[in-house]
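Asker: Okay, handing you the structure first.
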Amino acid sequence: MSSNSPSTRAKIEICRRSSAETPALEAMYAEVFGEKAAGDNRARWRWQYDENPHCPPEGPEIWVAKQNGVVLGQYASMPVRLFVKGRTLRASWGMDVMVRPNVQRKGIGSRLFLYWDENVEASLGLGLSAASYALFKKLRWEDVGPVPCYTLVLDPGALLERRLPRPMARALAPLARLAFSFAFPRRKTRGDVMARPMEGVFGEEYDALWQAASRGYDFIAERTAAYLEWKYHRVPFVSYDVLEARRKDGTLSGYCVLRATERNGMVLALLVDLFARPDDNATLGALLDGAAAWAKDRKAARMQTFTFDARIVARLAAKGFILIPSPMQFCLRIHSDHVSEGFYRDTSRWHVTFGDSDQDREA
């Protein structure tokens with residue numbers, strides 16, 4: 001009898017991961033991804049799943065496929081509260097499925113995906129690998145990606161050095177800077193808002209900001225104080241800087257999260273998260289000006305960010321950001337009667353950033 005026959009498939013059990021499966025799953029992870037990746041995964045596991053502020057009392061939302069007691073694969077998901085057109089839904093970001101090599105291509109991954117989807121109000125797949133993207137499409141998740149990517153060129157000379165001999169690149173750098181300043185002018189923001197480095201922790205005023213600003217979006221993952229503190233201050237291996245936007249009276253009106261990394265021999269500034277009322281041009285402008293100054297201080301050649309939201313895109317354009325090809329595929333499924341088919345066709349009030357899901361995993 002084929003190992004993929006109906007009677008064999010019926011014997012596969014899907015259940016929540018327990019501590020008893022940990023040794024088998026860690027061994028499988030090393031077999032599939034290698035020993036180094038397995039070690040890094042163990043170090044990150046506690047933060048990503050156990051310490052997640054949305055982790056349910058019964059434990060992390062990690063689903064395991066077993067047959068006759070033998071672990072065949074797992075699908076790990078990261079719970080989040082999702083704000084969708086005025087309602088908060090119990091959602092989770094899906095991570096890449098892991099299936100034992102000798103039983104791959106036998107439908108186990110599909111069964112794990114479907115079981116995960118049945119246990120949440122919204123299932124979200126962001127930054128998908130080619131294999132996961134193909135599976136989401138096969139199972140008819142809504143494909144709304146890729147999430148648009150925008151970049152701000154800060155040092156045209158550094159970019160020229162990637163393509164031309166260094167003496168020629170340096171000679172052409174002043175002309176390139178002038179050309180960029182004319183082609184992509186940056187308008188200064190005027191107003192009563194100042195962006196400054198954050199001091200301390202994400203406190204209660206971030207909850208107030210979330211309540212006030214989230215109503216302006218049709219789709220956005222929750223950004224409460226507890227979530228932000230876990231996501232950006234307690235994450236292992238990665239260090240972030242946060243800029244706060246405050247009005248003259250000291251009221252918090254927005255924030256952005258930043259990190260510098262190296263790509264192709266150049267410093268790349270990542271605008272990981274940006275949050276304010278989407279129509280608050282003064283706050284968004286102050287944060288983008290502050291982020292650009294922060295990036296220049298770190299000698300970044302360019303800065304990069306992601307969003308669907310047309311109002312934020314307008315602010316990005318005013319600051320000289322340009323649209324570039326995006327690698328961040330996004331598929332999702334929402335189980336709610338208040339969302340129509342047309343909701344997925346208009347993402348102009350959706351805000352999805354590089355800080356969502358587990359996109360920024362670089363050590």
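Residue numbering restarts at 1 for every chain of the structure tokens, chains are lettered A, B, ... in their displayed order, and ligands are numbered from 1 as they appear.
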What's the 10 Å shell around region 295-302 of chain A, counting only C-alpha atoms, without same-chain residues fewer than 6 positions away, as a ChimeraX atom specification?

Answerer: /A:151-159,258-263,266-271,289,321

Asker: For Glu13 (chain A), work out the shell of residues within 9 Å, counting only C-alpha atoms and skipping chain neighbours fewer than 5 positions away, then give it as an NGL selection string.

Answerer: :A and (64-69)

Asker: So that I can see what lies close to region 46-52 of chain A, please list as a ChimeraX atom specification the residues with an atom at most 7 Å from it, counting only C-alpha atoms and leaving out residues fewer than 2 positions away in the same chain.

Answerer: /A:44,54-55,60,78,230,235

Asker: Could the residues in this selection be saved with N, CA and C atoms as a compact mmCIF listing (two decimals), in the first residue's frame?

Answerer:
# COMPACT_ATOMS: atom_id res chain seq x y z
N ARG A 44 16.77 31.00 20.34
CA ARG A 44 15.71 31.98 20.08
C ARG A 44 14.33 31.51 20.52
N HIS A 54 1.23 37.14 23.68
CA HIS A 54 -0.03 36.56 23.24
C HIS A 54 -0.04 35.03 23.29
N CYS A 55 0.99 34.46 23.89
CA CYS A 55 1.03 33.00 24.03
C CYS A 55 -0.14 32.54 24.91
N PRO A 60 2.52 27.50 23.50
CA PRO A 60 2.69 28.07 22.16
C PRO A 60 1.83 27.37 21.11
N MET A 78 3.23 32.26 15.33
CA MET A 78 3.48 33.30 16.32
C MET A 78 2.19 34.10 16.52
N TRP A 230 8.30 43.42 24.29
CA TRP A 230 8.76 42.06 23.96
C TRP A 230 9.45 42.04 22.60
N VAL A 235 14.12 41.02 22.49
CA VAL A 235 14.53 40.08 21.44
C VAL A 235 16.02 39.76 21.56

Asker: Counting only C-alpha atoms, figure out which residue out of A:Gly355, A:Gly290, A:Gly250, A:Gly34 gets nearest to Leu126 (chain A).

Answerer: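 That would be A:Gly355, the residue with the smallest distance to Leu126 (chain A).
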
Asker: Using only C-alpha atoms, which protein or nucleic acid residues come within 12 Å of Ala37 (chain A)? Drop anything in the same chain fewer than 6 positions from it, and give the result as a PyMOL selection string.

Answerer: chain A and resi 26-31+43-45+363

Asker: Run DSSP on the backbone and tell me which residues of region 259-344 of chain A come out as strand (DSSP E); list them as a list in words.

Answerer: Arg259, Ala260, Thr261, Glu262, Arg263, Met266, Val267, Leu268, Ala269, Leu270, Leu271, Val272, Asp273, Leu274, Phe275, Ala276, Arg302, Met303, Gln304, Thr305, Phe306, Ile322, Leu323, Ile324, Phe330, Cys331, Leu332, Arg333 and Ile334 of chain A
